[in-house]
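Colleague: My structure is below; once you've seen it, I'll send some questions.
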Amino acid sequence: ETIAVTIQNATGRVDLNAANQAILAALIAGLGASTTDATAGAAAIIDFRDRDSDTLPGGAEAADYAASGLKYSPKNAHFDSVDELEHVFGFTLERIKSLLPHVTVHSGMAGIDPASASPRLVEILQAGHFIMTPGGSTPSSSQGSRLPPDFAGTSLRQTFILTSAAETQNGGRYVREAIVELSSGRTLDYTFRT
């Protein structure tokens, strides 16, 4: 059997509750969607989480969900889990699977901490930013593995995503994930979020 454990700071992922439309669209475009699909996907995420019934261009509110025969509507509240992406209008299982390693609901940041972001996420956001920015220039080698400047942020919050994956000799694979927030209090050093 093989067991792999990874720990990642949540600030190194895109927060579904706090990220703006530009970051969300760049993420979706960087994963292979067209400009139109990336814009619509980002708008659908924001329409899912915002409290109003105003549809963003390309997005979807309750009437759109009902017209498509869906038995659920936008939440009109923050995501509690990244798994709620399955209820976002127009999101396929394939899109959700591609997004999951790069998103969180626990950083509370509009941007991404460059020091905590995976090289793969930085690459995806650079590519997506280039696709979504009219007249944008191709990321230069001097930029290396840097986030686009308007996507970077910092946070004092210390929330970590712990993932344990076990693979058995007969091909079975088991993955468990926990979200742990470190606290500065003296009575409890950490809290499990999920």
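Following the order of the structure tokens, chains are lettered A, B, ..., residues in each are numbered from 1, and ligands are numbered from 1.
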Could you name the residues that touch A:Asp15 at 10 Å or less, counting only C-alpha atoms, but leaving out those on the same chain fewer than 6 positions away, as a PDB file with all heavy atoms, in the first residue's frame?

Modeller:
```pdb
ATOM      1  N   ILE A  23     -10.834  36.628 -11.558  1.00  0.00           N
ATOM      2  CA  ILE A  23     -10.041  35.477 -11.122  1.00  0.00           C
ATOM      3  C   ILE A  23     -10.766  34.176 -11.455  1.00  0.00           C
ATOM      4  O   ILE A  23     -10.162  33.227 -11.962  1.00  0.00           O
ATOM      5  CB  ILE A  23      -9.726  35.555  -9.615  1.00  0.00           C
ATOM      6  CG1 ILE A  23      -8.779  36.723  -9.339  1.00  0.00           C
ATOM      7  CG2 ILE A  23      -9.121  34.252  -9.109  1.00  0.00           C
ATOM      8  CD1 ILE A  23      -8.511  36.981  -7.878  1.00  0.00           C
ATOM      9  N   LEU A  24     -12.073  34.142 -11.186  1.00  0.00           N
ATOM     10  CA  LEU A  24     -12.834  32.926 -11.480  1.00  0.00           C
ATOM     11  C   LEU A  24     -12.808  32.615 -12.973  1.00  0.00           C
ATOM     12  O   LEU A  24     -12.609  31.466 -13.374  1.00  0.00           O
ATOM     13  CB  LEU A  24     -14.276  33.078 -10.982  1.00  0.00           C
ATOM     14  CG  LEU A  24     -14.449  33.134  -9.462  1.00  0.00           C
ATOM     15  CD1 LEU A  24     -15.856  33.592  -9.102  1.00  0.00           C
ATOM     16  CD2 LEU A  24     -14.121  31.797  -8.823  1.00  0.00           C
ATOM     17  N   PHE A  79     -20.875  29.563  -0.356  1.00  0.00           N
ATOM     18  CA  PHE A  79     -20.638  28.129  -0.450  1.00  0.00           C
ATOM     19  C   PHE A  79     -20.199  27.650   0.928  1.00  0.00           C
ATOM     20  O   PHE A  79     -19.360  28.276   1.565  1.00  0.00           O
ATOM     21  CB  PHE A  79     -19.503  27.834  -1.435  1.00  0.00           C
ATOM     22  CG  PHE A  79     -19.834  27.999  -2.887  1.00  0.00           C
ATOM     23  CD1 PHE A  79     -19.837  29.257  -3.476  1.00  0.00           C
ATOM     24  CD2 PHE A  79     -20.102  26.896  -3.677  1.00  0.00           C
ATOM     25  CE1 PHE A  79     -20.105  29.418  -4.824  1.00  0.00           C
ATOM     26  CE2 PHE A  79     -20.376  27.041  -5.024  1.00  0.00           C
ATOM     27  CZ  PHE A  79     -20.387  28.301  -5.603  1.00  0.00           C
ATOM     28  N   VAL A  82     -16.790  23.128  -1.303  1.00  0.00           N
ATOM     29  CA  VAL A  82     -16.508  23.154  -2.739  1.00  0.00           C
ATOM     30  C   VAL A  82     -17.394  22.157  -3.485  1.00  0.00           C
ATOM     31  O   VAL A  82     -17.629  22.300  -4.684  1.00  0.00           O
ATOM     32  CB  VAL A  82     -15.016  22.888  -3.045  1.00  0.00           C
ATOM     33  CG1 VAL A  82     -14.148  24.012  -2.493  1.00  0.00           C
ATOM     34  CG2 VAL A  82     -14.567  21.534  -2.513  1.00  0.00           C
ATOM     35  N   HIS A 102      -8.075  23.306  -7.100  1.00  0.00           N
ATOM     36  CA  HIS A 102      -7.619  24.696  -7.125  1.00  0.00           C
ATOM     37  C   HIS A 102      -8.533  25.665  -6.380  1.00  0.00           C
ATOM     38  O   HIS A 102      -8.273  26.863  -6.368  1.00  0.00           O
ATOM     39  CB  HIS A 102      -7.469  25.156  -8.578  1.00  0.00           C
ATOM     40  CG  HIS A 102      -6.671  24.208  -9.405  1.00  0.00           C
ATOM     41  ND1 HIS A 102      -5.318  23.988  -9.189  1.00  0.00           N
ATOM     42  CD2 HIS A 102      -7.027  23.379 -10.414  1.00  0.00           C
ATOM     43  CE1 HIS A 102      -4.890  23.080 -10.048  1.00  0.00           C
ATOM     44  NE2 HIS A 102      -5.895  22.691 -10.790  1.00  0.00           N
ATOM     45  N   VAL A 103      -9.610  25.160  -5.770  1.00  0.00           N
ATOM     46  CA  VAL A 103     -10.567  26.046  -5.105  1.00  0.00           C
ATOM     47  C   VAL A 103     -10.750  25.676  -3.645  1.00  0.00           C
ATOM     48  O   VAL A 103     -10.445  24.556  -3.227  1.00  0.00           O
ATOM     49  CB  VAL A 103     -11.943  26.045  -5.831  1.00  0.00           C
ATOM     50  CG1 VAL A 103     -11.817  26.620  -7.234  1.00  0.00           C
ATOM     51  CG2 VAL A 103     -12.565  24.665  -5.865  1.00  0.00           C
ATOM     52  N   THR A 104     -11.252  26.635  -2.894  1.00  0.00           N
ATOM     53  CA  THR A 104     -11.531  26.451  -1.473  1.00  0.00           C
ATOM     54  C   THR A 104     -12.703  27.354  -1.096  1.00  0.00           C
ATOM     55  O   THR A 104     -13.118  28.196  -1.887  1.00  0.00           O
ATOM     56  CB  THR A 104     -10.296  26.812  -0.611  1.00  0.00           C
ATOM     57  OG1 THR A 104     -10.567  26.494   0.756  1.00  0.00           O
ATOM     58  CG2 THR A 104      -9.923  28.276  -0.719  1.00  0.00           C
ATOM     59  N   VAL A 105     -13.209  27.185   0.105  1.00  0.00           N
ATOM     60  CA  VAL A 105     -14.177  28.120   0.675  1.00  0.00           C
ATOM     61  C   VAL A 105     -13.659  28.611   2.028  1.00  0.00           C
ATOM     62  O   VAL A 105     -14.402  29.192   2.802  1.00  0.00           O
ATOM     63  CB  VAL A 105     -15.587  27.483   0.827  1.00  0.00           C
ATOM     64  CG1 VAL A 105     -16.160  27.125  -0.526  1.00  0.00           C
ATOM     65  CG2 VAL A 105     -15.556  26.263   1.749  1.00  0.00           C
ATOM     66  N   HIS A 106     -12.369  28.383   2.277  1.00  0.00           N
ATOM     67  CA  HIS A 106     -11.824  28.637   3.609  1.00  0.00           C
ATOM     68  C   HIS A 106     -10.738  29.703   3.694  1.00  0.00           C
ATOM     69  O   HIS A 106     -10.233  29.960   4.773  1.00  0.00           O
ATOM     70  CB  HIS A 106     -11.285  27.336   4.196  1.00  0.00           C
ATOM     71  CG  HIS A 106     -12.340  26.309   4.414  1.00  0.00           C
ATOM     72  ND1 HIS A 106     -13.254  26.393   5.434  1.00  0.00           N
ATOM     73  CD2 HIS A 106     -12.646  25.193   3.714  1.00  0.00           C
ATOM     74  CE1 HIS A 106     -14.077  25.367   5.368  1.00  0.00           C
ATOM     75  NE2 HIS A 106     -13.729  24.624   4.326  1.00  0.00           N
ATOM     76  N   SER A 107     -10.348  30.327   2.604  1.00  0.00           N
ATOM     77  CA  SER A 107      -9.275  31.320   2.729  1.00  0.00           C
ATOM     78  C   SER A 107      -9.815  32.686   3.105  1.00  0.00           C
ATOM     79  O   SER A 107      -9.145  33.461   3.763  1.00  0.00           O
ATOM     80  CB  SER A 107      -8.458  31.420   1.438  1.00  0.00           C
ATOM     81  OG  SER A 107      -9.123  32.207   0.475  1.00  0.00           O
ATOM     82  N   GLY A 108     -11.022  33.004   2.652  1.00  0.00           N
ATOM     83  CA  GLY A 108     -11.597  34.324   2.914  1.00  0.00           C
ATOM     84  C   GLY A 108     -10.923  35.436   2.130  1.00  0.00           C
ATOM     85  O   GLY A 108     -11.132  36.609   2.392  1.00  0.00           O
ATOM     86  N   MET A 109     -10.108  35.071   1.139  1.00  0.00           N
ATOM     87  CA  MET A 109      -9.340  36.059   0.376  1.00  0.00           C
ATOM     88  C   MET A 109      -9.909  36.256  -1.014  1.00  0.00           C
ATOM     89  O   MET A 109     -10.292  35.301  -1.680  1.00  0.00           O
ATOM     90  CB  MET A 109      -7.892  35.593   0.222  1.00  0.00           C
ATOM     91  CG  MET A 109      -7.103  35.616   1.494  1.00  0.00           C
ATOM     92  SD  MET A 109      -5.421  34.983   1.246  1.00  0.00           S
ATOM     93  CE  MET A 109      -4.863  35.880  -0.174  1.00  0.00           C
ATOM     94  N   ALA A 110      -9.902  37.511  -1.458  1.00  0.00           N
ATOM     95  CA  ALA A 110     -10.307  37.810  -2.829  1.00  0.00           C
ATOM     96  C   ALA A 110      -9.215  37.382  -3.805  1.00  0.00           C
ATOM     97  O   ALA A 110      -9.493  37.041  -4.948  1.00  0.00           O
ATOM     98  CB  ALA A 110     -10.599  39.299  -2.985  1.00  0.00           C
ATOM     99  N   GLY A 111      -7.975  37.359  -3.353  1.00  0.00           N
ATOM    100  CA  GLY A 111      -6.845  36.958  -4.183  1.00  0.00           C
ATOM    101  C   GLY A 111      -6.248  35.647  -3.705  1.00  0.00           C
ATOM    102  O   GLY A 111      -6.843  34.941  -2.895  1.00  0.00           O
ATOM    103  N   ILE A 112      -5.074  35.350  -4.206  1.00  0.00           N
ATOM    104  CA  ILE A 112      -4.373  34.123  -3.862  1.00  0.00           C
ATOM    105  C   ILE A 112      -2.998  34.501  -3.329  1.00  0.00           C
ATOM    106  O   ILE A 112      -2.327  35.368  -3.875  1.00  0.00           O
ATOM    107  CB  ILE A 112      -4.209  33.213  -5.107  1.00  0.00           C
ATOM    108  CG1 ILE A 112      -5.575  32.803  -5.649  1.00  0.00           C
ATOM    109  CG2 ILE A 112      -3.424  31.959  -4.784  1.00  0.00           C
ATOM    110  CD1 ILE A 112      -5.973  33.542  -6.855  1.00  0.00           C
TER     111      ILE A 112
END
```

Colleague: For the structure I just gave you, how does DSSP split stretch 36-190 of chain A - specifically, which residues are strand (DSSP E)? Reply as a ChimeraX atom specification.

Modeller: /A:103-104,159-167,173-182,190

Colleague: Extract, using only C-alpha atoms, all DNA, RNA and protein residues at most 9 Å from A:Ser183, discarding same-chain residues fewer than 4 positions from it, and format them as a VMD selection string.

Modeller: chain A and resid 157 to 158 188 to 191

Colleague: For the residues in the current selection, export N, CA and C atoms as an mmCIF file, in the first residue's frame.

Modeller:
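After the write, result20.cif holds the following:
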```
data_model
loop_
_atom_site.group_PDB
_atom_site.id
_atom_site.type_symbol
_atom_site.label_atom_id
_atom_site.label_comp_id
_atom_site.auth_asym_id
_atom_site.auth_seq_id
_atom_site.Cartn_x
_atom_site.Cartn_y
_atom_site.Cartn_z
ATOM 1 N N ARG A 157 -4.943 34.695 8.107
ATOM 2 C CA ARG A 157 -5.661 33.474 8.445
ATOM 3 C C ARG A 157 -4.767 32.268 8.170
ATOM 4 N N GLN A 158 -4.813 31.292 9.056
ATOM 5 C CA GLN A 158 -4.001 30.095 8.884
ATOM 6 C C GLN A 158 -4.919 28.878 8.815
ATOM 7 N N LEU A 188 -7.110 26.164 22.679
ATOM 8 C CA LEU A 188 -7.180 25.198 21.594
ATOM 9 C C LEU A 188 -6.286 25.674 20.463
ATOM 10 N N ASP A 189 -5.370 24.837 20.058
ATOM 11 C CA ASP A 189 -4.415 25.231 19.036
ATOM 12 C C ASP A 189 -4.957 25.140 17.623
ATOM 13 N N TYR A 190 -6.017 24.363 17.406
ATOM 14 C CA TYR A 190 -6.572 24.194 16.077
ATOM 15 C C TYR A 190 -8.050 23.854 16.165
ATOM 16 N N THR A 191 -8.736 24.068 15.046
ATOM 17 C CA THR A 191 -10.151 23.735 14.927
ATOM 18 C C THR A 191 -10.358 23.037 13.585
#
```

Colleague: Using only C-alpha atoms, which of A:Ala152, A:Ile28, A:Ala18, A:Gln8 sits nearest A:Met132?

Modeller: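 Result for the nearest residue to A:Met132: A:Ile28.
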
Colleague: What separation in Å, quoted to one decimal, exists between atom CA of A:Thr6 and atom CA of A:Ser118?

Modeller: 11.9 Å

Colleague: When you look at stretch 84-98 of chain A with a cut-off of 12 Å (counting only C-alpha atoms), what residues show up, excluding the ones that are within fewer than 5 positions of it in the same chain? I need them as an MDAnalysis selection string.

Modeller: chainID A and resid 16:17 27:33 37:49 55 58:79 103:105 120:121 124

Colleague: With C-alpha atoms retained, write the just-selected residues as a PDB file, in the first residue's frame.

Modeller:
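Wrote it out as result39.pdb, contents follow:
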```
ATOM      1  CA  LEU A  16     -15.310  30.499  -4.285  1.00  0.00           C
ATOM      2  CA  ASN A  17     -16.877  32.931  -1.809  1.00  0.00           C
ATOM      3  CA  LEU A  27      -9.219  29.925 -13.581  1.00  0.00           C
ATOM      4  CA  ILE A  28     -11.921  28.400 -15.788  1.00  0.00           C
ATOM      5  CA  ALA A  29     -10.284  29.656 -19.008  1.00  0.00           C
ATOM      6  CA  GLY A  30      -6.877  28.427 -17.877  1.00  0.00           C
ATOM      7  CA  LEU A  31      -8.386  24.961 -17.487  1.00  0.00           C
ATOM      8  CA  GLY A  32      -9.400  24.960 -21.148  1.00  0.00           C
ATOM      9  CA  ALA A  33     -12.753  26.752 -21.453  1.00  0.00           C
ATOM     10  CA  ASP A  37     -17.721  29.702 -21.290  1.00  0.00           C
ATOM     11  CA  ALA A  38     -15.240  31.036 -18.730  1.00  0.00           C
ATOM     12  CA  THR A  39     -17.170  34.307 -18.402  1.00  0.00           C
ATOM     13  CA  ALA A  40     -20.459  32.423 -18.049  1.00  0.00           C
ATOM     14  CA  GLY A  41     -18.989  29.990 -15.522  1.00  0.00           C
ATOM     15  CA  ALA A  42     -17.594  32.783 -13.354  1.00  0.00           C
ATOM     16  CA  ALA A  43     -20.918  34.653 -13.535  1.00  0.00           C
ATOM     17  CA  ALA A  44     -22.813  31.469 -12.589  1.00  0.00           C
ATOM     18  CA  ILE A  45     -20.606  31.027  -9.479  1.00  0.00           C
ATOM     19  CA  ILE A  46     -21.220  34.623  -8.420  1.00  0.00           C
ATOM     20  CA  ASP A  47     -24.982  34.377  -9.120  1.00  0.00           C
ATOM     21  CA  PHE A  48     -25.047  31.165  -7.059  1.00  0.00           C
ATOM     22  CA  ARG A  49     -23.451  32.853  -4.033  1.00  0.00           C
ATOM     23  CA  THR A  55     -28.500  37.801 -13.360  1.00  0.00           C
ATOM     24  CA  GLY A  58     -23.828  34.792 -18.855  1.00  0.00           C
ATOM     25  CA  GLY A  59     -24.854  33.848 -15.314  1.00  0.00           C
ATOM     26  CA  ALA A  60     -27.998  32.212 -13.956  1.00  0.00           C
ATOM     27  CA  GLU A  61     -30.553  32.913 -11.266  1.00  0.00           C
ATOM     28  CA  ALA A  62     -33.610  30.917 -10.088  1.00  0.00           C
ATOM     29  CA  ALA A  63     -35.654  31.471 -13.272  1.00  0.00           C
ATOM     30  CA  ASP A  64     -32.822  30.052 -15.401  1.00  0.00           C
ATOM     31  CA  TYR A  65     -32.512  26.975 -13.179  1.00  0.00           C
ATOM     32  CA  ALA A  66     -36.290  26.396 -13.346  1.00  0.00           C
ATOM     33  CA  ALA A  67     -36.398  26.924 -17.130  1.00  0.00           C
ATOM     34  CA  SER A  68     -33.731  24.226 -17.500  1.00  0.00           C
ATOM     35  CA  GLY A  69     -35.803  21.778 -15.462  1.00  0.00           C
ATOM     36  CA  LEU A  70     -33.435  21.754 -12.500  1.00  0.00           C
ATOM     37  CA  LYS A  71     -34.958  20.880  -9.145  1.00  0.00           C
ATOM     38  CA  TYR A  72     -32.677  23.286  -7.283  1.00  0.00           C
ATOM     39  CA  SER A  73     -31.908  26.999  -7.419  1.00  0.00           C
ATOM     40  CA  PRO A  74     -28.918  29.182  -6.642  1.00  0.00           C
ATOM     41  CA  LYS A  75     -28.065  29.161  -2.953  1.00  0.00           C
ATOM     42  CA  ASN A  76     -27.932  32.969  -2.657  1.00  0.00           C
ATOM     43  CA  ALA A  77     -25.475  32.509   0.177  1.00  0.00           C
ATOM     44  CA  HIS A  78     -21.822  31.569   0.538  1.00  0.00           C
ATOM     45  CA  PHE A  79     -20.638  28.129  -0.450  1.00  0.00           C
ATOM     46  CA  VAL A 103     -10.567  26.046  -5.105  1.00  0.00           C
ATOM     47  CA  THR A 104     -11.531  26.451  -1.473  1.00  0.00           C
ATOM     48  CA  VAL A 105     -14.177  28.120   0.675  1.00  0.00           C
ATOM     49  CA  ARG A 120       0.173  24.432 -11.434  1.00  0.00           C
ATOM     50  CA  LEU A 121      -2.421  26.974 -10.215  1.00  0.00           C
ATOM     51  CA  ILE A 124      -3.408  28.019 -14.990  1.00  0.00           C
TER      52      ILE A 124
END
```

Colleague: How would you write, as number ranges by chain, the set of residues in stretch 57-173 of chain A that DSSP gives as helix (DSSP H, G or I)?

Modeller: A: 62-67, 82-87, 93-102, 119-132, 141-143, 149-151

Colleague: Taking 2 positions as the minimum chain separation for residues in the same chain, which residues sit within 9 Å of A:Ala165 when counting only C-alpha atoms? Answer as a PyMOL selection string.

Modeller: chain A and resi 2-6+163+167+173-177

Colleague: So, counting only C-alpha atoms, which residue among A:Leu147, A:Ala19, A:Ala25, A:Val180 is closest to A:Val122?

Modeller: A:Leu147

Colleague: Could you work out how far atom CA of A:Ser155 lies from atom CA of A:Asp80, giving the answer in Å with one decimal?

Modeller: 19.8 Å

Colleague: Between atom CA of A:Ala22 and atom CA of A:Leu99, what is the distance in Å, rounded to a tenth?

Modeller: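 Those two atoms sit 15.4 Å apart.
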
Colleague: Quick one: of A:Pro114, A:Gly172, A:Pro101, A:Pro148, who's nearest to A:Gln126, counting only C-alpha atoms?

Modeller: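 With only C-alpha atoms as the atom set, the closest residue is A:Pro148.
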